[in-house]
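File shown: structure-v3.cif (mmCIF, C-alpha atoms).
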data_entry
loop_
_atom_site.label_atom_id
_atom_site.label_comp_id
_atom_site.auth_asym_id
_atom_site.auth_seq_id
_atom_site.Cartn_x
_atom_site.Cartn_y
_atom_site.Cartn_z
CA MET D 1471 16.08 1.98 18.14
CA GLU D 1472 12.27 2.15 18.07
CA ASP D 1473 12.30 5.88 17.29
CA LYS D 1474 14.86 5.38 14.53
CA LEU D 1475 12.78 2.62 12.90
CA ARG D 1476 9.64 4.74 13.18
CA LEU D 1477 11.34 7.68 11.42
CA GLN D 1478 12.88 5.48 8.75
CA ALA D 1479 9.57 3.76 7.96
CA LYS D 1480 7.75 7.10 7.67
CA ALA D 1481 10.48 8.52 5.44
CA VAL D 1482 10.37 5.48 3.15
CA PHE D 1483 6.60 5.64 2.75
CA GLU D 1484 6.54 9.40 2.19
CA GLU D 1485 9.27 9.12 -0.46
CA LEU D 1486 7.44 6.27 -2.20
CA TYR D 1487 4.22 8.32 -2.14
CA GLU D 1488 5.95 11.23 -3.89
CA LYS D 1489 8.06 9.28 -6.39
CA ALA D 1490 5.25 6.87 -7.35
CA LYS D 1491 2.82 9.81 -7.69
CA LEU D 1492 0.25 8.00 -5.57
CA LYS D 1493 -3.20 9.39 -4.99
CA THR D 1494 -6.15 8.77 -2.71
CA GLY D 1495 -7.48 5.23 -3.07
CA ASP D 1496 -4.33 3.72 -4.55
CA LEU D 1497 -3.13 0.37 -3.21
CA VAL D 1498 0.41 -0.18 -1.88
CA VAL D 1499 1.74 -3.64 -1.08
CA ILE D 1500 4.29 -3.97 1.73
CA GLY D 1501 6.60 -6.94 2.11
CA CYS D 1502 8.70 -6.95 5.26
CA SER D 1503 11.26 -9.15 6.96
CA THR D 1504 11.67 -8.09 10.57
CA SER D 1505 14.62 -10.50 10.74
CA GLU D 1506 16.40 -8.41 8.11
CA ILE D 1507 15.54 -5.20 9.97
CA ILE D 1508 17.44 -6.45 13.02
CA GLY D 1509 20.36 -7.65 10.87
CA SER D 1510 19.59 -11.37 10.67
CA LYS D 1511 18.86 -13.61 7.71
CA ILE D 1512 15.28 -13.44 6.42
CA GLY D 1513 12.95 -15.82 8.25
CA THR D 1514 15.22 -16.48 11.23
CA GLN D 1515 14.29 -13.96 13.94
CA SER D 1516 10.76 -12.74 13.45
CA SER D 1517 9.99 -9.81 15.75
CA PRO D 1518 6.39 -8.83 16.50
CA GLU D 1519 7.62 -5.74 18.38
CA ILE D 1520 9.62 -4.43 15.41
CA ALA D 1521 6.72 -5.25 13.09
CA CYS D 1522 4.36 -3.26 15.29
CA THR D 1523 6.64 -0.20 15.24
CA VAL D 1524 7.09 -0.27 11.45
CA PHE D 1525 3.42 -1.11 10.81
CA GLU D 1526 2.15 1.77 12.95
CA SER D 1527 4.47 4.25 11.22
CA ILE D 1528 3.50 3.20 7.70
CA TYR D 1529 -0.19 2.91 8.60
CA GLU D 1530 -0.23 6.43 10.07
CA VAL D 1531 1.22 8.03 6.92
CA ALA D 1532 -0.91 5.95 4.55
CA THR D 1533 -4.07 6.84 6.45
CA GLN D 1534 -3.23 10.55 6.34
CA LYS D 1535 -2.73 10.33 2.58
CA GLY D 1536 -5.78 8.13 1.90
CA VAL D 1537 -3.72 5.25 0.50
CA ASN D 1538 -4.82 1.62 1.01
CA LEU D 1539 -2.32 -0.89 2.34
CA ALA D 1540 -1.82 -4.58 1.69
CA PHE D 1541 0.71 -6.64 3.66
CA GLN D 1542 2.36 -9.67 2.14
CA CYS D 1543 2.71 -12.85 4.19
CA CYS D 1544 5.86 -14.94 4.00
CA GLU D 1545 6.33 -17.95 1.74
CA HIS D 1546 4.87 -20.31 4.36
CA LEU D 1547 1.47 -18.84 3.45
CA ASN D 1548 2.38 -18.64 -0.25
CA ARG D 1549 2.82 -14.86 0.03
CA ALA D 1550 -0.89 -14.34 0.65
CA ILE D 1551 -2.03 -10.77 1.36
CA VAL D 1552 -3.70 -9.14 4.37
CA ILE D 1553 -6.02 -6.27 3.38
CA GLU D 1554 -9.04 -4.43 4.73
CA LYS D 1555 -12.19 -6.18 3.54
CA GLY D 1556 -13.57 -3.17 1.67
CA VAL D 1557 -10.40 -2.49 -0.33
CA LEU D 1558 -11.01 -5.25 -2.87
CA PRO D 1559 -14.69 -6.11 -2.46
CA PHE D 1560 -14.67 -8.90 -5.04
CA ALA D 1561 -11.40 -10.58 -4.06
CA GLU D 1562 -11.71 -14.21 -3.05
CA GLU D 1563 -10.84 -14.60 0.61
CA VAL D 1564 -8.89 -17.52 2.02
CA ASN D 1565 -9.09 -18.98 5.53
CA VAL D 1566 -5.88 -18.32 7.43
CA ILE D 1567 -4.73 -16.10 10.26
CA PRO D 1568 -1.08 -15.02 9.91
CA GLN D 1569 1.30 -15.82 12.77
CA PRO D 1570 4.92 -14.70 13.26
CA LYS D 1571 6.31 -18.07 12.05
CA ALA D 1572 3.61 -18.71 9.44
CA GLY D 1573 2.85 -15.50 7.63
CA GLY D 1574 5.41 -13.25 9.28
CA SER D 1575 5.33 -10.65 12.01
CA MET D 1576 4.31 -7.77 9.72
CA ALA D 1577 1.31 -9.59 8.24
CA THR D 1578 0.39 -10.67 11.78
CA GLN D 1579 0.41 -7.02 12.89
CA ALA D 1580 -1.70 -5.98 9.91
CA TYR D 1581 -4.25 -8.69 10.69
CA ALA D 1582 -4.36 -7.58 14.33
CA HIS D 1583 -4.63 -3.84 13.61
CA PHE D 1584 -6.89 -3.60 10.57
CA LYS D 1585 -10.53 -2.86 11.35
CA ASN D 1586 -11.88 -5.71 9.19
CA PRO D 1587 -8.92 -7.79 7.97
CA VAL D 1588 -9.17 -10.49 5.36
CA VAL D 1589 -6.54 -12.60 3.64
CA VAL D 1590 -6.55 -13.05 -0.13
CA GLU D 1591 -4.19 -14.96 -2.39
CA GLU D 1592 -3.38 -12.17 -4.79
CA ILE D 1593 -3.76 -8.50 -5.59
CA LYS D 1594 -2.52 -6.10 -8.22
CA ALA D 1595 -1.13 -3.09 -6.34
CA ASP D 1596 -0.26 0.33 -7.75
CA ALA D 1597 3.06 0.49 -5.89
CA GLY D 1598 5.06 -1.36 -3.28
CA ILE D 1599 7.72 -1.28 -0.62
CA ASP D 1600 9.93 -4.31 -0.14
CA ILE D 1601 11.68 -4.24 3.24
CA GLY D 1602 14.38 -6.90 3.39
CA LEU D 1603 14.08 -8.18 -0.20
CA THR D 1604 10.93 -10.25 0.32
CA LEU D 1605 9.90 -10.28 -3.37
CA ILE D 1606 6.65 -8.33 -3.71
CA GLY D 1607 6.64 -8.27 -7.52
CA MET D 1608 3.94 -10.91 -7.88
CA HIS D 1609 1.48 -8.49 -6.26
CA LEU D 1610 2.14 -5.46 -8.47
CA LYS D 1611 0.20 -4.44 -11.56
CA LYS D 1612 1.92 -4.76 -14.88
CA VAL D 1613 4.20 -2.89 -15.67
CA ALA D 1614 6.35 -2.59 -12.52
CA VAL D 1615 8.97 0.18 -12.49
CA PRO D 1616 11.71 0.06 -9.83
CA LEU D 1617 12.18 3.18 -7.73
CA ARG D 1618 15.55 4.06 -6.30
CA LEU D 1619 14.76 5.42 -2.89
CA GLU D 1620 17.15 7.70 -1.03
CA ASN D 1621 15.62 6.29 2.15
CA ASN D 1622 16.68 2.74 1.31
CA LYS D 1623 17.06 1.15 4.75
CA ILE D 1624 14.89 0.41 7.73
CA GLY D 1625 17.16 -0.81 10.47
CA GLU D 1626 19.59 -3.13 8.69
CA ALA D 1627 17.12 -4.15 5.97
CA LEU D 1628 17.53 -2.94 2.41
CA VAL D 1629 14.41 -1.25 1.07
CA VAL D 1630 13.35 -1.28 -2.57
CA GLY D 1631 10.39 0.65 -3.95
CA ALA D 1632 8.27 0.11 -7.03
CA ARG D 1633 5.54 1.92 -8.90
CA THR D 1634 3.51 0.69 -11.81
CA ARG D 1635 2.50 2.23 -15.08
CA ARG D 1636 -0.11 1.32 -17.63
CA LYS D 1637 0.96 -0.93 -20.50
CA PHE D 1638 1.72 0.73 -23.80
CA VAL D 1639 -0.46 -0.69 -26.55
CA GLY D 1640 -0.38 0.17 -30.22
CA GLY D 1641 2.51 0.63 -32.53
CA ALA D 1642 4.64 3.25 -34.19
CA ARG D 1643 1.65 5.59 -34.70
CA ALA D 1644 0.28 5.33 -31.17
CA VAL D 1645 0.15 8.44 -28.98
CA TYR D 1646 0.45 8.08 -25.21
CA ASN D 1647 -0.79 10.18 -22.28
CA GLN D 1648 2.44 11.45 -20.69
CA ASP D 1649 0.68 11.94 -17.33
CA LEU D 1650 0.24 8.15 -17.06
CA ILE D 1651 3.87 7.22 -17.66
#
For this file, produce the structure as structure tokens.
Amino acid sequence: MEDKLRLQAKAVFEELYEKAKLKTGDLVVIGCSTSEIIGSKIGTQSSPEIACTVFESIYEVATQKGVNLAFQCCEHLNRAIVIEKGVLPFAEEVNVIPQPKAGGSMATQAYAHFKNPVVVEEIKADAGIDIGLTLIGMHLKKVAVPLRLENNKIGEALVVGARTRRKFVGGARAVYNQDLI
């Protein structure tokens, strides 16, 4: 099962990278329910082992592509975010260390594996992966655009992707840069 999860997680991230047209330095938020991955109801069977497998797979691909990662905690920590300190140098940090039952197994793994982890209350990411329908939308830039991923499962969890685009401003006479849409 570990190999299958590893392959699925890599495939999801690589597909998101392509479809969202990500580039070096972009920020991707990941929400993940390990309970959903193993086929249970969200928040009922947190699994640090599964989180480690999925985290390592996503982290490996993101590092190769130069993309920054942010991992969303569960609702018990108000969906706070674990990031590397240098990613958002002016973000206001909060004092909490995620745990499997208060933050979630994935955020716990991110905190344990990042070189210099910090927790912040909010970010505005360029794209996101929601593993197990954890509701990452609050941490995406405006305007969020859903992505239908062919690789839409990790284990038993449904996976939804999102990218963002810049807001359109102006009116009927406005001209837009098609490369930014």
Task: Contacts of segment 1545-1552 of chain D at 8 Å (only C-alpha atoms; same-chain gap of 5+ positions) as an MDAnalysis selection string - done: chainID D and resid 1540 1568 1572:1573 1577 1580:1581 1587:1593
- [ ] Could you check which of D:Ile1507, D:Ile1520, D:Cys1544, D:Leu1617 is closest to Ile1599 of chain D, using only C-alpha atoms?
- [x]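 The closest residue to Ile1599 of chain D is D:Leu1617.
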Task: Minimum-distance residue to Leu1477 of chain D, chosen among D:Ile1508, D:Val1531, D:Ile1601, D:Ala1632 (using all atoms listed in the file) - done: D:Val1531
- [ ] Extract, using only C-alpha atoms, all DNA, RNA and protein residues at most 12 Å from segment 1510-1515 of chain D, discarding same-chain residues fewer than 3 positions from it, and format them as a PyMOL selection string.
- [x] chain D and resi 1501-1507+1518-1521+1543-1546+1570-1576+1601-1605+1625-1628
Residues near Val1615 of chain D, anyone? I mean within 8 Å using only C-alpha atoms, not counting same-chain ones fewer than 3 positions away, as a PDB file with C-alpha atoms, keeping the file's coordinate frame.
ATOM      1  CA  ALA D1632       8.270   0.110  -7.030  1.00  0.00           C
ATOM      2  CA  ARG D1633       5.540   1.920  -8.900  1.00  0.00           C
ATOM      3  CA  THR D1634       3.510   0.690 -11.810  1.00  0.00           C
ATOM      4  CA  ARG D1635       2.500   2.230 -15.080  1.00  0.00           C
TER       5      ARG D1635
END
